[in-house]
Each structure stands twice: as C-alpha cells, then as structure tokens.
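**Student:** My structure is in start_19.csv, and what it holds is CSV, N, CA and C atoms:
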```
chain,number,residue,atom,x,y,z
A,26,PRO,N,-7.4,-6.8,2.3
A,26,PRO,CA,-6.0,-7.2,2.4
A,26,PRO,C,-5.1,-6.2,1.6
A,27,ASP,N,-4.0,-5.9,2.1
A,27,ASP,CA,-3.0,-5.1,1.5
A,27,ASP,C,-2.1,-6.0,0.6
A,28,ILE,N,-2.3,-5.8,-0.7
A,28,ILE,CA,-1.5,-6.7,-1.7
A,28,ILE,C,0.0,-6.6,-1.5
A,29,TYR,N,0.4,-5.5,-1.0
A,29,TYR,CA,1.9,-5.2,-0.9
A,29,TYR,C,2.5,-5.9,0.4
A,30,ALA,N,1.6,-6.4,1.2
A,30,ALA,CA,2.1,-7.1,2.4
A,30,ALA,C,2.3,-8.6,2.2
A,31,TYR,N,2.0,-9.1,1.0
A,31,TYR,CA,2.1,-10.5,0.7
A,31,TYR,C,3.4,-10.8,-0.1
A,32,HIS,N,4.0,-12.0,0.1
A,32,HIS,CA,5.1,-12.5,-0.7
A,32,HIS,C,4.7,-13.6,-1.6
A,33,ASP,N,3.5,-14.2,-1.4
A,33,ASP,CA,3.0,-15.2,-2.2
A,33,ASP,C,1.6,-14.8,-2.7
A,34,TYR,N,1.5,-14.8,-4.1
A,34,TYR,CA,0.3,-14.3,-4.6
A,34,TYR,C,-0.9,-15.2,-4.3
A,35,ARG,N,-0.6,-16.5,-4.0
A,35,ARG,CA,-1.7,-17.4,-3.6
A,35,ARG,C,-2.3,-17.1,-2.3
A,36,ASP,N,-1.4,-16.7,-1.3
A,36,ASP,CA,-1.9,-16.3,0.0
A,36,ASP,C,-2.8,-15.0,-0.2
A,37,PHE,N,-2.3,-14.1,-1.0
A,37,PHE,CA,-3.1,-12.9,-1.2
A,37,PHE,C,-4.5,-13.3,-1.8
A,38,LEU,N,-4.5,-14.1,-2.9
A,38,LEU,CA,-5.7,-14.5,-3.5
A,38,LEU,C,-6.7,-15.1,-2.6
A,39,ARG,N,-6.2,-16.0,-1.8
A,39,ARG,CA,-7.1,-16.7,-0.8
A,39,ARG,C,-7.8,-15.7,0.1
A,40,ASP,N,-7.0,-14.8,0.7
A,40,ASP,CA,-7.5,-13.7,1.5
A,40,ASP,C,-8.4,-12.8,0.8
A,41,TRP,N,-8.1,-12.5,-0.5
A,41,TRP,CA,-8.9,-11.5,-1.3
A,41,TRP,C,-10.2,-12.2,-1.6
A,42,PHE,N,-10.2,-13.5,-1.9
A,42,PHE,CA,-11.5,-14.1,-2.1
A,42,PHE,C,-12.4,-14.1,-0.9
A,43,LYS,N,-11.8,-14.3,0.3
A,43,LYS,CA,-12.5,-14.2,1.5
A,43,LYS,C,-13.1,-12.8,1.7
A,44,HIS,N,-12.3,-11.8,1.4
A,44,HIS,CA,-12.7,-10.4,1.5
A,44,HIS,C,-13.9,-10.1,0.5
A,45,LEU,N,-13.8,-10.6,-0.7
A,45,LEU,CA,-14.9,-10.4,-1.7
A,45,LEU,C,-16.2,-11.1,-1.2
A,46,LYS,N,-16.0,-12.2,-0.6
A,46,LYS,CA,-17.2,-12.9,-0.2
A,46,LYS,C,-17.9,-12.2,1.0
A,47,THR,N,-17.1,-11.7,1.9
A,47,THR,CA,-17.6,-11.0,3.1
A,47,THR,C,-18.1,-9.7,2.8
A,48,VAL,N,-17.4,-8.9,2.0
A,48,VAL,CA,-17.8,-7.5,1.7
A,48,VAL,C,-18.8,-7.4,0.6
A,49,HIS,N,-18.6,-8.2,-0.5
A,49,HIS,CA,-19.4,-8.0,-1.7
A,49,HIS,C,-20.3,-9.2,-1.9
A,50,GLY,N,-20.2,-10.3,-1.1
A,50,GLY,CA,-21.1,-11.4,-1.3
A,50,GLY,C,-20.7,-12.2,-2.5
A,51,LEU,N,-19.5,-12.1,-3.0
A,51,LEU,CA,-19.1,-12.8,-4.3
A,51,LEU,C,-18.3,-14.1,-3.9
A,52,SER,N,-18.8,-15.2,-4.5
A,52,SER,CA,-18.1,-16.5,-4.3
A,52,SER,C,-17.0,-16.6,-5.3
A,53,THR,N,-16.1,-17.6,-5.1
A,53,THR,CA,-15.1,-17.9,-6.0
A,53,THR,C,-15.7,-18.3,-7.4
A,54,ARG,N,-16.8,-19.0,-7.3
A,54,ARG,CA,-17.5,-19.5,-8.5
A,54,ARG,C,-18.0,-18.3,-9.3
A,55,GLN,N,-18.5,-17.3,-8.7
A,55,GLN,CA,-19.0,-16.1,-9.3
A,55,GLN,C,-17.9,-15.3,-10.0
A,56,VAL,N,-16.8,-15.2,-9.3
A,56,VAL,CA,-15.6,-14.5,-9.8
A,56,VAL,C,-15.1,-15.2,-11.1
A,57,ALA,N,-15.0,-16.5,-11.0
A,57,ALA,CA,-14.5,-17.3,-12.1
A,57,ALA,C,-15.4,-17.1,-13.3
A,58,LYS,N,-16.7,-17.2,-13.1
A,58,LYS,CA,-17.7,-17.1,-14.2
A,58,LYS,C,-17.6,-15.7,-14.8
A,59,ALA,N,-17.6,-14.7,-14.0
A,59,ALA,CA,-17.5,-13.3,-14.4
A,59,ALA,C,-16.3,-13.0,-15.2
A,60,SER,N,-15.2,-13.7,-14.9
A,60,SER,CA,-13.9,-13.4,-15.6
A,60,SER,C,-13.6,-14.3,-16.8
A,61,GLY,N,-14.4,-15.4,-16.9
A,61,GLY,CA,-14.2,-16.3,-18.0
A,61,GLY,C,-13.1,-17.3,-17.7
A,62,VAL,N,-12.7,-17.4,-16.4
A,62,VAL,CA,-11.7,-18.4,-16.0
A,62,VAL,C,-12.4,-19.6,-15.4
A,63,SER,N,-11.9,-20.8,-15.8
A,63,SER,CA,-12.5,-22.0,-15.2
A,63,SER,C,-12.4,-22.1,-13.7
A,64,GLU,N,-13.5,-22.4,-13.1
A,64,GLU,CA,-13.5,-22.5,-11.6
A,64,GLU,C,-12.5,-23.6,-11.2
A,65,SER,N,-12.4,-24.7,-11.9
A,65,SER,CA,-11.4,-25.7,-11.5
A,65,SER,C,-10.0,-25.2,-11.6
A,66,TYR,N,-9.7,-24.5,-12.7
A,66,TYR,CA,-8.4,-23.9,-12.8
A,66,TYR,C,-8.1,-23.0,-11.7
A,67,LEU,N,-9.0,-22.1,-11.3
A,67,LEU,CA,-8.8,-21.2,-10.2
A,67,LEU,C,-8.6,-21.9,-8.9
A,68,SER,N,-9.3,-23.0,-8.7
A,68,SER,CA,-9.2,-23.8,-7.5
A,68,SER,C,-7.8,-24.4,-7.4
A,69,MET,N,-7.3,-24.9,-8.6
A,69,MET,CA,-6.0,-25.5,-8.6
A,69,MET,C,-4.9,-24.4,-8.3
A,70,VAL,N,-5.1,-23.2,-8.8
A,70,VAL,CA,-4.2,-22.1,-8.6
A,70,VAL,C,-4.1,-21.8,-7.1
A,71,LEU,N,-5.3,-21.7,-6.5
A,71,LEU,CA,-5.4,-21.4,-5.0
A,71,LEU,C,-4.8,-22.6,-4.2
A,72,ASN,N,-4.9,-23.8,-4.6
A,72,ASN,CA,-4.4,-24.9,-3.9
A,72,ASN,C,-2.9,-25.2,-4.2
A,73,GLY,N,-2.3,-24.5,-5.1
A,73,GLY,CA,-0.9,-24.6,-5.4
A,73,GLY,C,-0.5,-25.7,-6.4
A,74,THR,N,-1.5,-26.2,-7.1
A,74,THR,CA,-1.2,-27.3,-8.1
A,74,THR,C,-1.0,-26.7,-9.5
A,75,ARG,N,-1.4,-25.5,-9.7
A,75,ARG,CA,-1.2,-24.8,-11.0
A,75,ARG,C,-0.7,-23.4,-10.7
A,76,ARG,N,0.0,-22.9,-11.7
A,76,ARG,CA,0.4,-21.5,-11.6
A,76,ARG,C,-0.6,-20.6,-12.4
A,77,LEU,N,-0.7,-19.4,-11.9
A,77,LEU,CA,-1.6,-18.4,-12.5
A,77,LEU,C,-0.9,-17.8,-13.7
A,78,SER,N,-1.4,-18.0,-14.9
A,78,SER,CA,-0.8,-17.5,-16.1
A,78,SER,C,-1.1,-16.0,-16.2
A,79,VAL,N,-0.3,-15.3,-17.0
A,79,VAL,CA,-0.5,-13.9,-17.3
A,79,VAL,C,-1.8,-13.7,-17.9
A,80,ASP,N,-2.2,-14.5,-18.9
A,80,ASP,CA,-3.5,-14.4,-19.6
A,80,ASP,C,-4.6,-14.5,-18.7
A,81,GLN,N,-4.6,-15.5,-17.8
A,81,GLN,CA,-5.7,-15.7,-16.8
A,81,GLN,C,-5.7,-14.6,-15.8
A,82,LEU,N,-4.6,-14.1,-15.4
A,82,LEU,CA,-4.5,-13.0,-14.5
A,82,LEU,C,-5.2,-11.8,-15.1
A,83,GLN,N,-4.9,-11.5,-16.4
A,83,GLN,CA,-5.6,-10.4,-17.1
A,83,GLN,C,-7.1,-10.5,-17.1
A,84,LYS,N,-7.6,-11.7,-17.2
A,84,LYS,CA,-9.0,-11.9,-17.2
A,84,LYS,C,-9.6,-11.7,-15.8
A,85,LEU,N,-8.8,-12.1,-14.8
A,85,LEU,CA,-9.3,-12.0,-13.4
A,85,LEU,C,-9.3,-10.6,-12.8
A,86,LEU,N,-8.4,-9.7,-13.2
A,86,LEU,CA,-8.2,-8.4,-12.6
A,86,LEU,C,-9.5,-7.6,-12.5
A,87,PRO,N,-10.3,-7.5,-13.5
A,87,PRO,CA,-11.6,-6.7,-13.3
A,87,PRO,C,-12.5,-7.4,-12.3
A,88,ALA,N,-12.6,-8.7,-12.4
A,88,ALA,CA,-13.5,-9.4,-11.5
A,88,ALA,C,-13.0,-9.4,-10.0
A,89,LEU,N,-11.7,-9.3,-9.8
A,89,LEU,CA,-11.2,-9.2,-8.5
A,89,LEU,C,-11.2,-7.7,-8.0
A,90,LYS,N,-11.6,-6.8,-8.8
A,90,LYS,CA,-11.6,-5.4,-8.5
A,90,LYS,C,-10.2,-4.9,-8.1
A,91,LEU,N,-9.3,-5.3,-8.9
A,91,LEU,CA,-7.9,-4.9,-8.8
A,91,LEU,C,-7.4,-4.1,-10.0
A,92,GLU,N,-6.5,-3.2,-9.8
A,92,GLU,CA,-5.9,-2.5,-11.0
A,92,GLU,C,-4.7,-3.3,-11.5
A,93,ARG,N,-4.3,-3.1,-12.7
A,93,ARG,CA,-3.2,-3.8,-13.3
A,93,ARG,C,-1.9,-3.6,-12.5
A,94,SER,N,-1.7,-2.4,-12.0
A,94,SER,CA,-0.5,-2.1,-11.2
A,94,SER,C,-0.4,-2.9,-9.9
A,95,GLU,N,-1.6,-3.3,-9.4
A,95,GLU,CA,-1.6,-4.1,-8.2
A,95,GLU,C,-1.2,-5.5,-8.5
```
What does the file become when written as structure tokens?
**Tutor:**
Amino acid sequence: PDIYAYHDYRDFLRDWFKHLKTVHGLSTRQVAKASGVSESYLSMVLNGTRRLSVDQLQKLLPALKLERSE
C-alpha cells in the first residue's frame, strides 16, 4: 500500500497489516509483541476507539518496516 494515497492512518494501518501478513507472514499479534505495544491497544487503534499516540507510533515504526518520514 502507498502510504501517501491514504487520508486516514487507520485505513492505511489496516491495509498495511494485511500486506505484512500476506508478504511477510506477520500477524498483528507478532507486530505488537515485536514493537512492545499492547495487542489490545493496537486493536483499539485499528477499530477507531483509541488514537495512536506519538510514543506508540515510534515503537511501531521498525516493526511495520516504515521509515519515520512515512
């Protein structure tokens, strides 16, 4: 997915997690564990009940295989 084609970060994250699962075999649970972010928190972010904080985003970037500029 092209991050610059999205207006809502949640839509991008949902598609990106699908991409990670398909291409790299990584589940949302594995990404959460690798980044040190709670799986339940990540689930709430993806469902729209919580906002992704800057601190949590910084933890997720390496696990999502994204650069800070993205």
**Student:** Quick one: residues within 12 Å of A:Leu67, only C-alpha atoms, excluding same-chain residues fewer than 6 positions away - as JSON, numbers by chain?
**Tutor:** {"A": [35, 38, 39, 42, 52, 53, 54, 55, 56, 57, 58, 60, 61, 73, 74, 75, 76, 77, 78, 81, 82, 84, 85]}
**Student:** Work out how far apart atom C of A:Lys46 and atom N of A:Val79 are and give it in Å to one decimal.
**Tutor:**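 Interatomic distance here is 25.4 Å.
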**Student:** Where in chain A does DSSP assign alpha helix (DSSP H), given as an MDAnalysis selection string?
**Tutor:** chainID A and resid 34:44 53:60 64:72 79:89
**Student:** Please, could you write that set of residues out with N, CA and C atoms as an mmCIF file, in the coordinates of the input?
**Tutor:**
```
data_model
loop_
_atom_site.group_PDB
_atom_site.id
_atom_site.type_symbol
_atom_site.label_atom_id
_atom_site.label_comp_id
_atom_site.auth_asym_id
_atom_site.auth_seq_id
_atom_site.Cartn_x
_atom_site.Cartn_y
_atom_site.Cartn_z
ATOM 1 N N TYR A 34 1.500 -14.800 -4.100
ATOM 2 C CA TYR A 34 0.300 -14.300 -4.600
ATOM 3 C C TYR A 34 -0.900 -15.200 -4.300
ATOM 4 N N ARG A 35 -0.600 -16.500 -4.000
ATOM 5 C CA ARG A 35 -1.700 -17.400 -3.600
ATOM 6 C C ARG A 35 -2.300 -17.100 -2.300
ATOM 7 N N ASP A 36 -1.400 -16.700 -1.300
ATOM 8 C CA ASP A 36 -1.900 -16.300 0.000
ATOM 9 C C ASP A 36 -2.800 -15.000 -0.200
ATOM 10 N N PHE A 37 -2.300 -14.100 -1.000
ATOM 11 C CA PHE A 37 -3.100 -12.900 -1.200
ATOM 12 C C PHE A 37 -4.500 -13.300 -1.800
ATOM 13 N N LEU A 38 -4.500 -14.100 -2.900
ATOM 14 C CA LEU A 38 -5.700 -14.500 -3.500
ATOM 15 C C LEU A 38 -6.700 -15.100 -2.600
ATOM 16 N N ARG A 39 -6.200 -16.000 -1.800
ATOM 17 C CA ARG A 39 -7.100 -16.700 -0.800
ATOM 18 C C ARG A 39 -7.800 -15.700 0.100
ATOM 19 N N ASP A 40 -7.000 -14.800 0.700
ATOM 20 C CA ASP A 40 -7.500 -13.700 1.500
ATOM 21 C C ASP A 40 -8.400 -12.800 0.800
ATOM 22 N N TRP A 41 -8.100 -12.500 -0.500
ATOM 23 C CA TRP A 41 -8.900 -11.500 -1.300
ATOM 24 C C TRP A 41 -10.200 -12.200 -1.600
ATOM 25 N N PHE A 42 -10.200 -13.500 -1.900
ATOM 26 C CA PHE A 42 -11.500 -14.100 -2.100
ATOM 27 C C PHE A 42 -12.400 -14.100 -0.900
ATOM 28 N N LYS A 43 -11.800 -14.300 0.300
ATOM 29 C CA LYS A 43 -12.500 -14.200 1.500
ATOM 30 C C LYS A 43 -13.100 -12.800 1.700
ATOM 31 N N HIS A 44 -12.300 -11.800 1.400
ATOM 32 C CA HIS A 44 -12.700 -10.400 1.500
ATOM 33 C C HIS A 44 -13.900 -10.100 0.500
ATOM 34 N N THR A 53 -16.100 -17.600 -5.100
ATOM 35 C CA THR A 53 -15.100 -17.900 -6.000
ATOM 36 C C THR A 53 -15.700 -18.300 -7.400
ATOM 37 N N ARG A 54 -16.800 -19.000 -7.300
ATOM 38 C CA ARG A 54 -17.500 -19.500 -8.500
ATOM 39 C C ARG A 54 -18.000 -18.300 -9.300
ATOM 40 N N GLN A 55 -18.500 -17.300 -8.700
ATOM 41 C CA GLN A 55 -19.000 -16.100 -9.300
ATOM 42 C C GLN A 55 -17.900 -15.300 -10.000
ATOM 43 N N VAL A 56 -16.800 -15.200 -9.300
ATOM 44 C CA VAL A 56 -15.600 -14.500 -9.800
ATOM 45 C C VAL A 56 -15.100 -15.200 -11.100
ATOM 46 N N ALA A 57 -15.000 -16.500 -11.000
ATOM 47 C CA ALA A 57 -14.500 -17.300 -12.100
ATOM 48 C C ALA A 57 -15.400 -17.100 -13.300
ATOM 49 N N LYS A 58 -16.700 -17.200 -13.100
ATOM 50 C CA LYS A 58 -17.700 -17.100 -14.200
ATOM 51 C C LYS A 58 -17.600 -15.700 -14.800
ATOM 52 N N ALA A 59 -17.600 -14.700 -14.000
ATOM 53 C CA ALA A 59 -17.500 -13.300 -14.400
ATOM 54 C C ALA A 59 -16.300 -13.000 -15.200
ATOM 55 N N SER A 60 -15.200 -13.700 -14.900
ATOM 56 C CA SER A 60 -13.900 -13.400 -15.600
ATOM 57 C C SER A 60 -13.600 -14.300 -16.800
ATOM 58 N N GLU A 64 -13.500 -22.400 -13.100
ATOM 59 C CA GLU A 64 -13.500 -22.500 -11.600
ATOM 60 C C GLU A 64 -12.500 -23.600 -11.200
ATOM 61 N N SER A 65 -12.400 -24.700 -11.900
ATOM 62 C CA SER A 65 -11.400 -25.700 -11.500
ATOM 63 C C SER A 65 -10.000 -25.200 -11.600
ATOM 64 N N TYR A 66 -9.700 -24.500 -12.700
ATOM 65 C CA TYR A 66 -8.400 -23.900 -12.800
ATOM 66 C C TYR A 66 -8.100 -23.000 -11.700
ATOM 67 N N LEU A 67 -9.000 -22.100 -11.300
ATOM 68 C CA LEU A 67 -8.800 -21.200 -10.200
ATOM 69 C C LEU A 67 -8.600 -21.900 -8.900
ATOM 70 N N SER A 68 -9.300 -23.000 -8.700
ATOM 71 C CA SER A 68 -9.200 -23.800 -7.500
ATOM 72 C C SER A 68 -7.800 -24.400 -7.400
ATOM 73 N N MET A 69 -7.300 -24.900 -8.600
ATOM 74 C CA MET A 69 -6.000 -25.500 -8.600
ATOM 75 C C MET A 69 -4.900 -24.400 -8.300
ATOM 76 N N VAL A 70 -5.100 -23.200 -8.800
ATOM 77 C CA VAL A 70 -4.200 -22.100 -8.600
ATOM 78 C C VAL A 70 -4.100 -21.800 -7.100
ATOM 79 N N LEU A 71 -5.300 -21.700 -6.500
ATOM 80 C CA LEU A 71 -5.400 -21.400 -5.000
ATOM 81 C C LEU A 71 -4.800 -22.600 -4.200
ATOM 82 N N ASN A 72 -4.900 -23.800 -4.600
ATOM 83 C CA ASN A 72 -4.400 -24.900 -3.900
ATOM 84 C C ASN A 72 -2.900 -25.200 -4.200
ATOM 85 N N VAL A 79 -0.300 -15.300 -17.000
ATOM 86 C CA VAL A 79 -0.500 -13.900 -17.300
ATOM 87 C C VAL A 79 -1.800 -13.700 -17.900
ATOM 88 N N ASP A 80 -2.200 -14.500 -18.900
ATOM 89 C CA ASP A 80 -3.500 -14.400 -19.600
ATOM 90 C C ASP A 80 -4.600 -14.500 -18.700
ATOM 91 N N GLN A 81 -4.600 -15.500 -17.800
ATOM 92 C CA GLN A 81 -5.700 -15.700 -16.800
ATOM 93 C C GLN A 81 -5.700 -14.600 -15.800
ATOM 94 N N LEU A 82 -4.600 -14.100 -15.400
ATOM 95 C CA LEU A 82 -4.500 -13.000 -14.500
ATOM 96 C C LEU A 82 -5.200 -11.800 -15.100
ATOM 97 N N GLN A 83 -4.900 -11.500 -16.400
ATOM 98 C CA GLN A 83 -5.600 -10.400 -17.100
ATOM 99 C C GLN A 83 -7.100 -10.500 -17.100
ATOM 100 N N LYS A 84 -7.600 -11.700 -17.200
ATOM 101 C CA LYS A 84 -9.000 -11.900 -17.200
ATOM 102 C C LYS A 84 -9.600 -11.700 -15.800
ATOM 103 N N LEU A 85 -8.800 -12.100 -14.800
ATOM 104 C CA LEU A 85 -9.300 -12.000 -13.400
ATOM 105 C C LEU A 85 -9.300 -10.600 -12.800
ATOM 106 N N LEU A 86 -8.400 -9.700 -13.200
ATOM 107 C CA LEU A 86 -8.200 -8.400 -12.600
ATOM 108 C C LEU A 86 -9.500 -7.600 -12.500
ATOM 109 N N PRO A 87 -10.300 -7.500 -13.500
ATOM 110 C CA PRO A 87 -11.600 -6.700 -13.300
ATOM 111 C C PRO A 87 -12.500 -7.400 -12.300
ATOM 112 N N ALA A 88 -12.600 -8.700 -12.400
ATOM 113 C CA ALA A 88 -13.500 -9.400 -11.500
ATOM 114 C C ALA A 88 -13.000 -9.400 -10.000
ATOM 115 N N LEU A 89 -11.700 -9.300 -9.800
ATOM 116 C CA LEU A 89 -11.200 -9.200 -8.500
ATOM 117 C C LEU A 89 -11.200 -7.700 -8.000
#
```
**Student:** Report the distance between atom CA of A:Glu92 and atom CA of A:Tyr29 in Å, rounded to one decimal place.
**Tutor:**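 Separation between atom CA of A:Glu92 and atom CA of A:Tyr29: 13.0 Å.
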**Student:** If you measure from atom N of A:Leu45 to atom CA of A:Ala88, what distance in Å do you get, rounded to one decimal?
**Tutor:**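 Computing it gives 10.9 Å between the two atoms.
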**Student:** Of the candidates A:Lys90, A:Glu95, A:Ser63, A:Asp36, which shows the shortest atom-to-atom distance to A:Leu51, using only C-alpha atoms?
**Tutor:**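 Residue with the minimum atom-to-atom distance to A:Leu51: A:Lys90.
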**Student:** Could you get me a file of stretch 84-94 of chain A with all heavy atoms, as an mmCIF file, in the first residue's frame, taken from the block above?
**Tutor:**
```cif
data_model
loop_
_atom_site.group_PDB
_atom_site.id
_atom_site.type_symbol
_atom_site.label_atom_id
_atom_site.label_comp_id
_atom_site.auth_asym_id
_atom_site.auth_seq_id
_atom_site.Cartn_x
_atom_site.Cartn_y
_atom_site.Cartn_z
ATOM 1 N N LYS A 84 7.361 3.349 18.537
ATOM 2 C CA LYS A 84 7.642 1.938 18.824
ATOM 3 C C LYS A 84 7.268 1.043 17.649
ATOM 4 O O LYS A 84 7.924 0.050 17.380
ATOM 5 C CB LYS A 84 6.875 1.483 20.062
ATOM 6 C CG LYS A 84 7.362 2.076 21.354
ATOM 7 C CD LYS A 84 6.524 1.535 22.489
ATOM 8 C CE LYS A 84 6.954 2.084 23.831
ATOM 9 N NZ LYS A 84 6.126 1.530 24.921
ATOM 10 N N LEU A 85 6.191 1.396 16.960
ATOM 11 C CA LEU A 85 5.683 0.566 15.867
ATOM 12 C C LEU A 85 6.468 0.681 14.565
ATOM 13 O O LEU A 85 6.529 -0.269 13.792
ATOM 14 C CB LEU A 85 4.226 0.931 15.564
ATOM 15 C CG LEU A 85 3.160 0.330 16.438
ATOM 16 C CD1 LEU A 85 1.813 0.952 16.125
ATOM 17 C CD2 LEU A 85 3.104 -1.163 16.267
ATOM 18 N N LEU A 86 7.060 1.832 14.298
ATOM 19 C CA LEU A 86 7.705 2.075 13.006
ATOM 20 C C LEU A 86 8.661 0.961 12.568
ATOM 21 O O LEU A 86 8.534 0.463 11.444
ATOM 22 C CB LEU A 86 8.417 3.425 12.999
ATOM 23 C CG LEU A 86 7.514 4.641 12.915
ATOM 24 C CD1 LEU A 86 8.345 5.920 13.001
ATOM 25 C CD2 LEU A 86 6.676 4.638 11.655
ATOM 26 N N PRO A 87 9.606 0.542 13.392
ATOM 27 C CA PRO A 87 10.515 -0.520 12.934
ATOM 28 C C PRO A 87 9.786 -1.839 12.653
ATOM 29 O O PRO A 87 10.084 -2.520 11.674
ATOM 30 C CB PRO A 87 11.499 -0.688 14.091
ATOM 31 C CG PRO A 87 11.391 0.547 14.900
ATOM 32 C CD PRO A 87 9.999 1.053 14.701
ATOM 33 N N ALA A 88 8.831 -2.184 13.490
ATOM 34 C CA ALA A 88 8.090 -3.434 13.303
ATOM 35 C C ALA A 88 7.213 -3.379 12.061
ATOM 36 O O ALA A 88 6.957 -4.412 11.432
ATOM 37 C CB ALA A 88 7.239 -3.738 14.541
ATOM 38 N N LEU A 89 6.765 -2.183 11.703
ATOM 39 C CA LEU A 89 5.937 -2.025 10.497
ATOM 40 C C LEU A 89 6.774 -1.895 9.232
ATOM 41 O O LEU A 89 6.236 -1.826 8.137
ATOM 42 C CB LEU A 89 5.039 -0.783 10.636
ATOM 43 C CG LEU A 89 3.949 -0.857 11.681
ATOM 44 C CD1 LEU A 89 3.230 0.475 11.783
ATOM 45 C CD2 LEU A 89 2.974 -1.974 11.364
ATOM 46 N N LYS A 90 8.090 -1.840 9.432
ATOM 47 C CA LYS A 90 9.015 -1.707 8.312
ATOM 48 C C LYS A 90 8.792 -0.396 7.552
ATOM 49 O O LYS A 90 8.793 -0.342 6.332
ATOM 50 C CB LYS A 90 8.932 -2.917 7.379
ATOM 51 C CG LYS A 90 9.218 -4.230 8.095
ATOM 52 C CD LYS A 90 9.156 -5.390 7.156
ATOM 53 C CE LYS A 90 9.321 -6.710 7.836
ATOM 54 N NZ LYS A 90 10.347 -6.868 8.810
ATOM 55 N N LEU A 91 8.558 0.666 8.344
ATOM 56 C CA LEU A 91 8.346 2.000 7.784
ATOM 57 C C LEU A 91 9.429 2.946 8.289
ATOM 58 O O LEU A 91 9.952 2.776 9.386
ATOM 59 C CB LEU A 91 6.986 2.562 8.210
ATOM 60 C CG LEU A 91 5.753 1.867 7.658
ATOM 61 C CD1 LEU A 91 4.506 2.423 8.317
ATOM 62 C CD2 LEU A 91 5.675 2.032 6.160
ATOM 63 N N GLU A 92 9.736 3.942 7.484
ATOM 64 C CA GLU A 92 10.677 4.987 7.881
ATOM 65 C C GLU A 92 9.910 6.068 8.638
ATOM 66 O O GLU A 92 8.713 6.239 8.465
ATOM 67 C CB GLU A 92 11.314 5.612 6.635
ATOM 68 C CG GLU A 92 12.120 4.633 5.807
ATOM 69 C CD GLU A 92 13.340 4.119 6.524
ATOM 70 O OE1 GLU A 92 13.965 4.899 7.281
ATOM 71 O OE2 GLU A 92 13.672 2.939 6.339
ATOM 72 N N ARG A 93 10.625 6.815 9.434
ATOM 73 C CA ARG A 93 9.996 7.890 10.212
ATOM 74 C C ARG A 93 9.302 8.906 9.305
ATOM 75 O O ARG A 93 8.239 9.409 9.619
ATOM 76 C CB ARG A 93 11.042 8.577 11.085
ATOM 77 C CG ARG A 93 10.474 9.621 11.986
ATOM 78 C CD ARG A 93 11.555 10.284 12.804
ATOM 79 N NE ARG A 93 10.998 11.402 13.508
ATOM 80 C CZ ARG A 93 10.996 11.516 14.804
ATOM 81 N NH1 ARG A 93 11.526 10.593 15.552
ATOM 82 N NH2 ARG A 93 10.459 12.569 15.386
ATOM 83 N N SER A 94 9.878 9.190 8.150
ATOM 84 C CA SER A 94 9.289 10.176 7.228
ATOM 85 C C SER A 94 7.959 9.693 6.661
ATOM 86 O O SER A 94 7.132 10.498 6.232
ATOM 87 C CB SER A 94 10.252 10.480 6.086
ATOM 88 O OG SER A 94 10.504 9.332 5.317
#
```
